[in-house]
file query.cif (mmCIF, C-alpha atoms)
data_run
loop_
_atom_site.label_atom_id
_atom_site.label_comp_id
_atom_site.auth_asym_id
_atom_site.auth_seq_id
_atom_site.Cartn_x
_atom_site.Cartn_y
_atom_site.Cartn_z
CA MET A 13 101.82 108.80 83.32
CA PHE A 14 105.29 109.27 84.74
CA ARG A 15 104.96 113.06 84.98
CA LYS A 16 101.51 112.77 86.56
CA SER A 17 102.85 110.30 89.15
CA PHE A 18 105.71 112.61 90.04
CA GLN A 19 103.41 115.61 90.36
CA SER A 20 101.19 113.61 92.71
CA ALA A 21 104.16 112.58 94.80
CA THR A 22 105.48 116.14 94.91
CA LYS A 23 102.09 117.45 96.04
CA PHE A 24 102.02 114.83 98.80
CA VAL A 25 105.53 115.71 99.95
CA VAL A 26 104.77 119.42 100.02
CA ASN A 27 101.81 118.70 102.27
CA SER A 28 103.86 116.46 104.56
CA ARG A 29 104.48 118.09 107.90
CA GLY A 30 107.80 116.33 108.30
CA LEU A 31 109.24 117.62 105.05
CA GLN A 32 107.83 121.09 105.59
CA GLN A 33 110.14 121.18 108.57
CA GLY A 34 113.01 119.68 106.60
CA ARG A 35 114.36 119.96 103.09
CA PRO A 36 112.97 122.55 100.64
CA ILE A 37 110.81 121.02 97.94
CA HIS A 38 112.94 122.47 95.14
CA ARG A 39 115.73 120.12 96.26
CA LEU A 40 113.39 117.17 95.77
CA ARG A 41 112.69 118.33 92.23
CA GLU A 42 116.44 118.56 91.64
CA LEU A 43 116.85 114.99 92.81
CA SER A 44 114.21 113.82 90.39
CA LEU A 45 116.26 115.11 87.46
CA TYR A 46 119.70 114.02 88.57
CA ARG A 47 121.60 110.88 87.66
CA GLY A 48 125.07 110.79 89.11
CA GLY A 49 127.99 108.48 89.61
CA TYR A 50 129.24 107.40 93.02
CA SER A 51 132.46 108.36 94.70
CA SER A 52 133.38 107.20 98.17
CA GLU A 53 134.31 110.76 99.12
CA ASN A 54 130.99 112.27 98.11
CA SER A 55 128.00 110.00 98.14
CA THR A 56 125.69 112.93 97.37
CA ASN A 57 126.41 112.16 93.71
CA TYR A 58 123.79 109.42 93.95
CA ALA A 59 120.20 110.47 93.40
CA ILE A 60 116.92 108.61 93.06
CA GLY A 61 115.11 109.65 89.86
CA ALA A 62 111.57 110.97 89.70
CA ALA A 63 110.17 107.50 89.19
CA VAL A 64 111.52 106.49 92.54
CA LEU A 65 110.15 109.58 94.24
CA ALA A 66 106.75 109.08 92.65
CA ALA A 67 106.57 105.43 93.61
CA GLY A 68 108.04 105.60 97.02
CA PHE A 69 107.22 108.48 99.31
CA THR A 70 105.29 107.50 102.38
CA SER A 71 104.16 109.56 105.34
CA ILE A 72 106.89 111.32 107.21
CA ALA A 73 104.84 112.84 110.01
CA SER A 74 107.19 113.30 112.91
CA ALA A 75 104.58 112.87 115.59
CA THR A 76 103.95 109.55 117.26
CA VAL A 77 101.25 107.55 115.51
CA SER A 78 99.29 104.53 116.64
CA HIS A 79 99.91 101.23 114.89
CA THR A 80 97.76 98.12 114.98
CA GLU A 81 98.42 94.64 113.67
CA ALA A 82 95.32 92.53 114.16
CA VAL A 83 96.09 88.92 113.30
CA THR A 84 93.52 86.22 113.85
CA ASP A 85 94.62 82.70 114.70
CA SER A 86 93.38 81.40 111.36
CA GLU A 87 95.48 84.01 109.51
CA ASP A 88 98.65 83.48 111.53
CA LYS A 89 101.09 81.45 109.46
CA PHE A 90 103.44 81.32 112.45
CA LYS A 91 100.95 79.87 114.94
CA HIS A 92 102.74 76.49 114.99
CA THR A 93 106.17 78.03 115.61
CA LYS A 94 107.85 79.37 118.75
CA LEU A 95 107.19 82.98 117.82
CA PHE A 96 105.30 84.98 120.40
CA PRO A 97 101.77 86.17 119.52
CA ALA A 98 101.35 89.22 117.33
CA ILE A 99 101.14 92.48 119.25
CA GLN A 100 100.54 96.15 118.55
CA ALA A 101 103.31 98.72 118.49
CA TYR A 102 102.93 101.12 121.40
CA HIS A 103 104.93 103.86 119.67
CA LYS A 104 105.94 104.66 116.13
CA GLY A 105 107.99 107.60 114.96
CA MET A 106 110.42 109.19 112.54
CA LEU A 107 113.90 110.42 113.39
CA ARG A 108 115.79 112.84 111.19
CA VAL A 109 119.36 111.55 110.98
CA SER A 110 120.78 113.82 108.27
CA ASP A 111 119.86 116.68 105.98
CA ILE A 112 118.55 114.03 103.58
CA HIS A 113 117.32 111.06 105.57
CA CYS A 114 114.65 110.29 108.16
CA ILE A 115 114.46 106.77 109.56
CA ALA A 116 111.24 105.13 110.69
CA TYR A 117 111.11 103.12 113.89
CA SER A 118 108.50 101.37 116.00
CA GLU A 119 108.49 100.03 119.55
CA TYR A 120 106.75 96.91 120.83
CA GLY A 121 106.49 95.04 124.10
CA ASN A 122 107.35 96.42 127.51
CA PRO A 123 108.27 100.15 127.49
CA ASN A 124 110.34 99.55 130.64
CA GLY A 125 111.79 96.24 129.50
CA LYS A 126 115.15 95.01 128.29
CA PRO A 127 115.93 96.89 125.06
CA VAL A 128 116.67 95.05 121.81
CA ILE A 129 117.15 96.44 118.32
CA PHE A 130 116.11 94.31 115.37
CA VAL A 131 118.57 94.89 112.50
CA HIS A 132 116.83 93.92 109.28
CA GLY A 133 118.36 92.36 106.20
CA GLY A 134 118.95 93.39 102.62
CA PRO A 135 120.30 96.00 102.83
CA GLY A 136 117.04 97.54 101.76
CA GLY A 137 114.67 94.92 103.15
CA GLY A 138 112.88 97.03 105.74
CA THR A 139 111.01 95.72 108.78
CA ASP A 140 107.72 93.89 109.24
CA PRO A 141 105.60 93.77 112.41
CA TYR A 142 106.12 90.00 112.69
CA MET A 143 109.78 90.67 113.47
CA ALA A 144 108.81 91.78 116.97
CA ARG A 145 107.63 88.27 117.71
CA TYR A 146 111.08 86.76 118.34
CA PHE A 147 111.03 88.39 121.79
CA ASP A 148 108.94 87.96 124.93
CA PRO A 149 106.85 91.16 124.88
CA LYS A 150 106.44 91.09 128.67
CA VAL A 151 110.20 91.31 129.11
CA TYR A 152 111.65 93.10 126.07
CA ARG A 153 111.39 96.64 124.79
CA ILE A 154 111.57 95.78 121.09
CA ILE A 155 112.76 98.37 118.57
CA LEU A 156 112.28 97.80 114.84
CA VAL A 157 113.98 100.35 112.60
CA ASP A 158 113.93 100.79 108.84
CA GLN A 159 117.40 101.66 107.59
CA ARG A 160 117.99 104.53 105.20
CA GLY A 161 115.94 104.47 102.03
CA CYS A 162 113.70 101.50 102.77
CA GLY A 163 110.52 100.51 104.55
CA ASP A 164 108.87 103.68 105.84
CA SER A 165 112.12 105.64 105.97
CA THR A 166 112.47 108.58 103.62
CA PRO A 167 113.46 109.48 100.96
CA PHE A 168 112.54 106.14 99.43
CA ALA A 169 115.27 104.09 97.69
CA ASP A 170 117.71 106.99 97.96
CA LEU A 171 121.37 106.00 97.65
CA ARG A 172 122.94 109.29 98.66
CA ASP A 173 124.72 109.22 102.02
CA ASN A 174 123.60 105.61 102.39
CA THR A 175 126.49 103.53 103.69
CA THR A 176 127.19 100.98 106.40
CA TYR A 177 128.63 103.52 108.78
CA ASP A 178 125.82 105.97 108.15
CA SER A 179 123.53 103.25 109.51
CA VAL A 180 125.87 102.60 112.44
CA ARG A 181 125.64 106.29 113.35
CA ASP A 182 121.87 106.22 112.85
CA PHE A 183 121.54 103.44 115.42
CA GLU A 184 123.48 105.50 117.92
CA LYS A 185 121.29 108.52 117.26
CA LEU A 186 118.21 106.38 117.74
CA ARG A 187 119.55 104.82 120.95
CA ASN A 188 120.23 108.26 122.38
CA HIS A 189 116.88 109.57 121.16
CA LEU A 190 115.10 106.72 122.95
CA LYS A 191 117.26 107.20 126.07
CA ILE A 192 118.55 103.64 126.02
CA ASP A 193 121.83 102.91 127.80
CA LYS A 194 122.49 99.47 126.32
CA TRP A 195 120.64 97.05 124.10
CA GLN A 196 120.74 93.60 122.61
CA VAL A 197 121.53 93.53 118.89
CA PHE A 198 119.57 90.97 116.86
CA GLY A 199 120.14 90.65 113.12
CA GLY A 200 120.23 88.21 110.24
CA SER A 201 121.75 88.13 106.77
CA TRP A 202 122.78 91.76 106.07
CA GLY A 203 121.49 92.39 109.60
CA SER A 204 124.35 90.22 110.88
CA THR A 205 126.83 92.29 108.86
CA LEU A 206 125.52 95.59 110.14
CA GLY A 207 125.03 94.21 113.65
CA LEU A 208 128.68 93.17 113.79
CA ALA A 209 129.84 96.50 112.37
CA TYR A 210 127.78 98.35 114.97
CA ALA A 211 129.03 96.19 117.85
CA ILE A 212 132.64 96.66 116.77
CA GLU A 213 132.15 100.44 116.73
CA HIS A 214 130.16 100.57 119.99
CA PRO A 215 130.91 97.45 122.05
CA GLU A 216 130.18 99.27 125.29
CA VAL A 217 126.44 99.54 124.54
CA VAL A 218 125.79 96.01 123.26
CA THR A 219 124.59 93.49 125.86
CA GLU A 220 124.32 90.47 123.54
CA LEU A 221 124.51 89.57 119.86
CA VAL A 222 121.99 87.20 118.28
CA LEU A 223 123.00 86.66 114.66
CA ARG A 224 121.49 84.56 111.88
CA GLY A 225 122.50 83.66 108.33
CA ILE A 226 125.94 85.21 108.58
CA PHE A 227 126.97 87.52 105.75
CA LEU A 228 130.43 89.07 105.89
CA LEU A 229 130.19 90.76 102.49
CA ARG A 230 133.37 89.18 101.20
CA LYS A 231 134.01 88.98 97.47
CA LYS A 232 133.67 85.20 97.45
CA GLU A 233 130.21 85.48 99.02
CA ILE A 234 129.03 87.98 96.38
CA ASP A 235 130.53 85.85 93.60
CA TRP A 236 128.85 82.71 94.94
CA PHE A 237 125.36 84.17 94.85
CA TYR A 238 125.37 86.97 92.28
CA GLU A 239 128.07 86.07 89.76
CA GLY A 240 127.24 82.46 88.90
CA LYS A 241 129.94 80.80 90.98
CA GLY A 242 127.92 78.47 93.18
CA ALA A 243 124.27 79.20 93.91
CA ASN A 244 123.36 78.82 90.23
CA PHE A 245 124.35 75.13 90.40
CA ILE A 246 121.71 74.57 93.09
CA PHE A 247 118.96 76.74 91.62
CA PRO A 248 119.58 76.59 87.83
CA LYS A 249 116.05 77.47 86.73
CA GLU A 250 115.89 80.46 89.04
CA TRP A 251 119.36 81.53 87.96
CA ALA A 252 118.32 81.44 84.32
CA ASP A 253 115.67 84.06 85.04
CA TYR A 254 118.16 86.25 86.92
CA GLU A 255 120.68 85.85 84.08
CA ARG A 256 118.12 86.54 81.37
CA ALA A 257 117.63 90.10 82.58
CA ILE A 258 121.19 90.97 81.48
CA PRO A 259 122.42 90.87 77.86
CA VAL A 260 125.05 88.22 77.07
CA GLU A 261 127.75 90.80 76.43
CA GLU A 262 127.41 92.16 80.02
CA ARG A 263 127.37 88.86 81.88
CA ASP A 264 131.02 88.97 82.89
CA ASN A 265 129.96 91.14 85.85
CA PHE A 266 126.33 90.82 86.90
CA VAL A 267 126.59 93.17 89.87
CA ALA A 268 127.92 95.95 87.63
CA ALA A 269 125.37 95.26 84.88
CA TYR A 270 122.47 95.27 87.32
CA GLY A 271 123.90 98.38 88.94
CA ARG A 272 123.73 100.39 85.72
CA ARG A 273 120.05 99.55 85.44
CA LEU A 274 119.21 99.99 89.11
CA ARG A 275 120.79 103.45 89.21
CA GLY A 276 118.47 104.44 86.37
CA GLU A 277 121.19 104.84 83.76
CA LEU A 278 119.15 102.85 81.20
CA GLY A 279 115.79 104.39 82.05
CA GLU A 280 112.85 103.82 84.34
CA GLU A 281 111.51 100.66 82.72
CA ALA A 282 114.92 98.95 82.79
CA MET A 283 115.34 99.98 86.44
CA HIS A 284 112.08 98.33 87.50
CA GLU A 285 112.70 95.20 85.42
CA ALA A 286 116.15 94.78 86.97
CA ALA A 287 114.79 95.40 90.46
CA ARG A 288 112.18 92.66 90.07
CA ALA A 289 114.64 90.12 88.62
CA TRP A 290 117.28 90.82 91.30
CA SER A 291 114.81 90.60 94.16
CA ILE A 292 112.93 87.54 92.95
CA TRP A 293 116.22 85.65 92.54
CA GLU A 294 116.88 86.08 96.26
CA GLY A 295 113.29 85.38 97.24
CA ARG A 296 113.18 82.09 95.33
CA THR A 297 116.40 80.79 96.88
CA SER A 298 115.87 81.75 100.53
CA LYS A 299 114.16 78.64 101.89
CA LEU A 300 114.98 74.95 101.94
CA VAL A 301 111.36 74.26 101.00
CA GLN A 302 110.45 76.97 98.54
CA ASP A 303 107.27 79.01 98.76
CA PRO A 304 105.00 78.93 95.71
CA GLU A 305 106.35 81.06 92.88
CA THR A 306 103.25 83.22 92.95
CA SER A 307 103.81 84.00 96.63
CA VAL A 308 107.47 84.89 96.08
CA ALA A 309 106.64 87.06 93.07
CA ALA A 310 103.90 88.87 94.98
CA LYS A 311 106.35 90.05 97.63
CA PHE A 312 109.75 90.24 95.97
CA GLY A 313 108.37 91.28 92.58
CA ASP A 314 106.32 94.12 94.03
CA ASP A 315 107.57 97.34 92.47
CA HIS A 316 107.70 99.23 95.74
CA PHE A 317 109.57 96.56 97.71
CA SER A 318 111.89 95.43 94.92
CA LEU A 319 113.03 98.94 94.01
CA ALA A 320 114.48 99.71 97.44
CA PHE A 321 115.67 96.15 98.04
CA ALA A 322 117.55 95.78 94.76
CA ARG A 323 118.87 99.34 94.43
CA ILE A 324 120.23 99.48 97.96
CA GLU A 325 121.65 95.95 97.94
CA ASN A 326 123.45 96.54 94.67
CA HIS A 327 124.72 99.90 95.88
CA TYR A 328 126.32 98.29 98.92
CA PHE A 329 127.73 95.33 97.01
CA THR A 330 129.16 97.58 94.30
CA ASN A 331 130.99 99.46 97.04
CA HIS A 332 132.15 96.35 98.92
CA GLY A 333 129.96 97.13 101.89
CA PHE A 334 131.92 100.34 102.42
CA PHE A 335 134.51 98.33 104.33
CA PRO A 336 138.19 99.23 103.84
CA ARG A 337 139.26 95.65 103.04
CA ASP A 338 137.80 92.30 102.06
CA GLY A 339 137.17 90.25 105.19
CA PHE A 340 137.35 93.34 107.40
CA LEU A 341 134.82 92.09 109.96
CA LEU A 342 136.90 88.96 110.64
CA GLU A 343 140.09 90.82 111.47
CA LYS A 344 141.43 90.09 114.94
CA GLU A 345 141.69 93.76 115.89
CA ASN A 346 137.97 94.16 115.25
CA LEU A 347 136.77 90.96 116.89
CA ASP A 348 138.91 91.61 119.96
CA LYS A 349 136.54 94.49 120.73
CA ILE A 350 133.50 92.21 121.02
CA ARG A 351 134.86 88.98 122.52
CA HIS A 352 133.27 89.83 125.85
CA ILE A 353 129.79 90.10 124.32
CA PRO A 354 127.71 86.89 124.60
CA THR A 355 127.02 85.87 121.01
CA VAL A 356 124.76 83.24 119.47
CA ILE A 357 124.98 82.36 115.77
CA VAL A 358 122.09 80.51 114.14
CA GLN A 359 122.92 79.26 110.65
CA GLY A 360 120.97 77.26 108.08
CA ARG A 361 123.06 74.31 106.95
CA TYR A 362 121.51 74.60 103.49
CA ASP A 363 121.54 78.38 103.27
CA VAL A 364 122.29 79.19 99.63
CA VAL A 365 122.06 82.97 99.98
CA CYS A 366 124.63 83.19 102.80
CA PRO A 367 126.47 79.84 102.83
CA ALA A 368 127.43 78.25 106.12
CA ILE A 369 131.15 78.83 105.59
CA SER A 370 130.74 82.44 106.70
CA ALA A 371 129.11 81.46 109.99
CA TYR A 372 131.82 78.87 110.53
CA ASP A 373 134.58 81.40 109.76
CA LEU A 374 133.06 83.88 112.20
CA HIS A 375 132.76 81.25 114.92
CA GLN A 376 136.37 80.15 114.38
CA ALA A 377 137.54 83.75 114.66
CA LEU A 378 135.22 84.35 117.64
CA PRO A 379 135.39 81.06 119.58
CA SER A 380 133.55 82.54 122.55
CA SER A 381 130.43 82.56 120.37
CA GLU A 382 127.93 79.71 120.27
CA ILE A 383 126.93 78.34 116.88
CA VAL A 384 123.86 76.29 115.98
CA PHE A 385 123.37 74.74 112.53
CA THR A 386 119.79 74.11 111.45
CA LEU A 387 118.35 71.89 108.70
CA THR A 388 117.02 74.93 106.87
CA GLY A 389 117.81 77.45 104.21
CA HIS A 390 118.36 81.17 104.73
CA SER A 391 115.02 82.58 105.82
CA ALA A 392 114.42 83.74 109.38
CA ALA A 393 110.83 82.53 108.93
CA GLU A 394 111.77 78.82 108.74
CA THR A 395 110.53 76.89 111.76
CA GLU A 396 113.81 75.52 113.10
CA ILE A 397 115.58 78.86 112.72
CA ILE A 398 112.74 80.51 114.62
CA GLU A 399 113.11 77.94 117.39
CA HIS A 400 116.78 78.62 117.97
CA LEU A 401 116.50 82.38 117.65
CA VAL A 402 113.73 82.43 120.24
CA ASN A 403 115.76 80.09 122.46
CA ALA A 404 118.56 82.66 122.38
CA THR A 405 116.34 85.64 123.22
CA GLU A 406 114.71 83.64 126.01
CA ARG A 407 118.08 82.76 127.49
CA PHE A 408 119.25 86.37 127.38
CA LYS A 409 116.08 88.02 128.61
CA THR A 410 117.12 87.94 132.27
CA ARG A 411 120.60 89.38 131.63
CA ALA A 412 121.10 92.98 132.65
#

call {"tool": "encode", "arguments": {"input": "query.cif", "output": "structure tokens"}}
result
Amino acid sequence: MFRKSFQSATKFVVNSRGLQQGRPIHRLRELSLYRGGYSSENSTNYAIGAAVLAAGFTSIASATVSHTEAVTDSEDKFKHTKLFPAIQAYHKGMLRVSDIHCIAYSEYGNPNGKPVIFVHGGPGGGTDPYMARYFDPKVYRIILVDQRGCGDSTPFADLRDNTTYDSVRDFEKLRNHLKIDKWQVFGGSWGSTLGLAYAIEHPEVVTELVLRGIFLLRKKEIDWFYEGKGANFIFPKEWADYERAIPVEERDNFVAAYGRRLRGELGEEAMHEAARAWSIWEGRTSKLVQDPETSVAAKFGDDHFSLAFARIENHYFTNHGFFPRDGFLLEKENLDKIRHIPTVIVQGRYDVVCPAISAYDLHQALPSSEIVFTLTGHSAAETEIIEHLVNATERFKTRA
């Protein structure tokens, strides 16, 4: 079954116009057979495994394609929130950003409007058309982009050359490709991490920052959620399922134990089992009022979604976000570069995934920012978080 799936994926990739113009297919076969360790000097040591290739390749056609999201009022779960109505993307494309990676992007709203980039979470979460709805489509030119290895970007779930600053450079390549001078940066959770990193590197092109569920990728934040030093006290049943996926003798370091499985070192079945357990743990803890377990499992336990989400998240956390020091984003030298940028922070008071202390620490270090605490958990889809995020984009929509 595994070999047949890989052969099918390989046949599809060979027939893909985008890859015919890119990497030779024999290199894809090499990737399918390689399992490597990571070194910060040479991230090409990471490879995806044939199971990942077989499960994950999606179309990489480089031409613009049409994209339609038809949502009826009865189907719209956000109809009682402040989100704008669902709209169609007016342009969707792929941008080659390295010898390995192509990133997928889509544009919504006003082609001549105020540009904004939506920086999704995870890392590895990918975008969803609903994410364009935080912005007035008559005013904003809304860009959704799937970061390396996730969503519709290719290769799927690939960890090679997949770091924070690769994504920062990708955003600049995309901005130049789309001929955008400056744009608003909007991101939550990991999107707040990457949004801050991008703004610090390129403050001259950021008009505003709208950040939610602040994640600074400090050791104490990883320990709180993934190592049984806080979040497990609030969600003990859910933690037990996350913990159960790892043998007792490896539970002194869950991130490392999950990493061995997610990199494929223990085989394909163990990789998928770990991906589901890792992803469902986050999905079940993201809201103050939890969604039904079946709903969470359907999304976060999906093999396609969970593989990219868990592999890429773990890859980044194993490597400390590819930052040189713990707490790097809070350092005065870095924040001095962005103090002039109008910044709004929206933070769930009862966010268990990214606790409120990180938002508070960022606000204290960046007092020019505005902070709003909501009676919610972590998810950007919670009603009060939506309200304040939309309030921010509405306030900024007339700024040049």

call {"tool": "residues_around", "arguments": {"input": "query.cif", "residues": "Ser118 of chain A", "least_positions_apart": "2", "cutoff": "8 Å", "atoms": "only C-alpha atoms", "output": "number ranges by chain"}}
result
A: 101-105, 116, 120, 155-157

call {"tool": "atom_distance", "arguments": {"input": "query.cif", "atom1": "atom CA of Asp315 of chain A", "atom2": "atom CA of Ile99 of chain A"}}
result
28.0 Å

call {"tool": "resolve_selection", "arguments": {"input": "query.cif", "expression": "the PyMOL selection byres ((chain A and resi 125) around 10)", "output": "list in words"}}
result
Gly121, Asn122, Pro123, Asn124, Lys126, Pro127, Val128, Asp148, Pro149, Lys150, Val151, Tyr152, Arg153, Ile154 and Lys409 of chain A

call {"tool": "resolve_selection", "arguments": {"input": "query.cif", "expression": "the PyMOL selection byres ((chain A and resi 373) around 12)", "output": "VMD selection string"}}
result
chain A and resid 226 to 228 230 339 341 to 343 357 359 367 to 372 374 to 379 381 383

call {"tool": "closest_residue", "arguments": {"input": "query.cif", "among": "A:Phe321, A:Phe183, A:Trp290, A:Phe385", "to": "Val356 of chain A", "atoms": "all atoms listed in the file"}}
result
A:Phe385

call {"tool": "resolve_selection", "arguments": {"input": "query.cif", "expression": "the PyMOL selection byres ((chain A and resi 288) around 12)", "output": "PyMOL selection string"}}
result
chain A and resi 253-254+257+270+273-274+281-287+289-296+308-323

call {"tool": "atom_distance", "arguments": {"input": "query.cif", "atom1": "atom CA of Asn326 of chain A", "atom2": "atom CA of Gly271 of chain A"}}
result
6.0 Å

call {"tool": "atom_distance", "arguments": {"input": "query.cif", "atom1": "atom CA of Thr176 of chain A", "atom2": "atom CA of Glu325 of chain A"}}
result
11.3 Å

call {"tool": "closest_atom_pairs", "arguments": {"input": "query.cif", "of": "segment 145-206 of chain A", "to": "segment 395-404 of chain A", "cutoff": "9 Å", "atoms": "all atoms listed in the file", "output": "JSON lines"}}
result
{"residue": "A:Arg145", "atom": "CA", "partner": "A:Val402", "partner_atom": "CA", "distance": 8.8}
{"residue": "A:Tyr146", "atom": "CA", "partner": "A:Val402", "partner_atom": "CA", "distance": 5.4}
{"residue": "A:Phe147", "atom": "CA", "partner": "A:Val402", "partner_atom": "CA", "distance": 6.7}
{"residue": "A:Asp148", "atom": "CA", "partner": "A:Val402", "partner_atom": "CA", "distance": 8.7}

call {"tool": "residues_around", "arguments": {"input": "query.cif", "residues": "segment 161-163 of chain A", "least_positions_apart": "2", "cutoff": "12 Å", "atoms": "only C-alpha atoms", "output": "NGL selection string"}}
result
:A and (59-60 or 64-65 or 68-72 or 106 or 109 or 112-118 or 132-141 or 156-159 or 165-175 or 178-179 or 316-325 or 327)

call {"tool": "build_atoms", "arguments": {"input": "query.cif", "residues": "segment 193-209 of chain A", "atoms": "N, CA, C and O atoms", "output": "compact mmCIF listing (two decimals), in the coordinates of the input"}}
result
# COMPACT_ATOMS: atom_id res chain seq x y z
N ASP A 193 120.41 103.01 127.44
CA ASP A 193 121.83 102.91 127.80
C ASP A 193 122.52 101.80 127.01
O ASP A 193 123.59 102.02 126.44
N LYS A 194 121.92 100.63 127.01
CA LYS A 194 122.49 99.47 126.32
C LYS A 194 121.35 98.66 125.72
O LYS A 194 120.22 98.72 126.22
N TRP A 195 121.66 97.90 124.69
CA TRP A 195 120.64 97.05 124.10
C TRP A 195 121.24 95.81 123.47
O TRP A 195 122.42 95.74 123.16
N GLN A 196 120.38 94.81 123.34
CA GLN A 196 120.74 93.60 122.61
C GLN A 196 120.64 93.91 121.12
O GLN A 196 119.78 94.67 120.69
N VAL A 197 121.55 93.35 120.34
CA VAL A 197 121.53 93.53 118.89
C VAL A 197 121.19 92.19 118.24
O VAL A 197 121.88 91.20 118.45
N PHE A 198 120.12 92.18 117.47
CA PHE A 198 119.57 90.97 116.86
C PHE A 198 119.48 91.21 115.36
O PHE A 198 118.79 92.13 114.92
N GLY A 199 120.18 90.41 114.56
CA GLY A 199 120.14 90.65 113.12
C GLY A 199 120.52 89.43 112.32
O GLY A 199 121.32 88.60 112.76
N GLY A 200 119.93 89.33 111.13
CA GLY A 200 120.23 88.21 110.24
C GLY A 200 120.54 88.67 108.84
O GLY A 200 120.09 89.71 108.39
N SER A 201 121.34 87.85 108.14
CA SER A 201 121.75 88.13 106.77
C SER A 201 122.53 89.46 106.77
O SER A 201 123.51 89.59 107.52
N TRP A 202 122.13 90.45 105.97
CA TRP A 202 122.78 91.76 106.07
C TRP A 202 122.67 92.31 107.49
O TRP A 202 123.55 93.04 107.95
N GLY A 203 121.62 91.95 108.21
CA GLY A 203 121.49 92.39 109.60
C GLY A 203 122.62 91.88 110.47
O GLY A 203 123.01 92.54 111.45
N SER A 204 123.18 90.71 110.13
CA SER A 204 124.35 90.22 110.88
C SER A 204 125.58 91.03 110.54
O SER A 204 126.41 91.32 111.41
N THR A 205 125.70 91.44 109.28
CA THR A 205 126.83 92.29 108.86
C THR A 205 126.80 93.62 109.60
O THR A 205 127.79 94.03 110.22
N LEU A 206 125.66 94.28 109.52
CA LEU A 206 125.52 95.59 110.14
C LEU A 206 125.56 95.48 111.66
O LEU A 206 126.13 96.35 112.34
N GLY A 207 124.98 94.42 112.21
CA GLY A 207 125.03 94.21 113.65
C GLY A 207 126.45 94.07 114.15
O GLY A 207 126.83 94.64 115.19
N LEU A 208 127.26 93.30 113.42
CA LEU A 208 128.68 93.17 113.79
C LEU A 208 129.42 94.50 113.67
O LEU A 208 130.19 94.88 114.55
N ALA A 209 129.17 95.21 112.56
CA ALA A 209 129.84 96.50 112.37
C ALA A 209 129.49 97.46 113.50
O ALA A 209 130.35 98.19 114.01
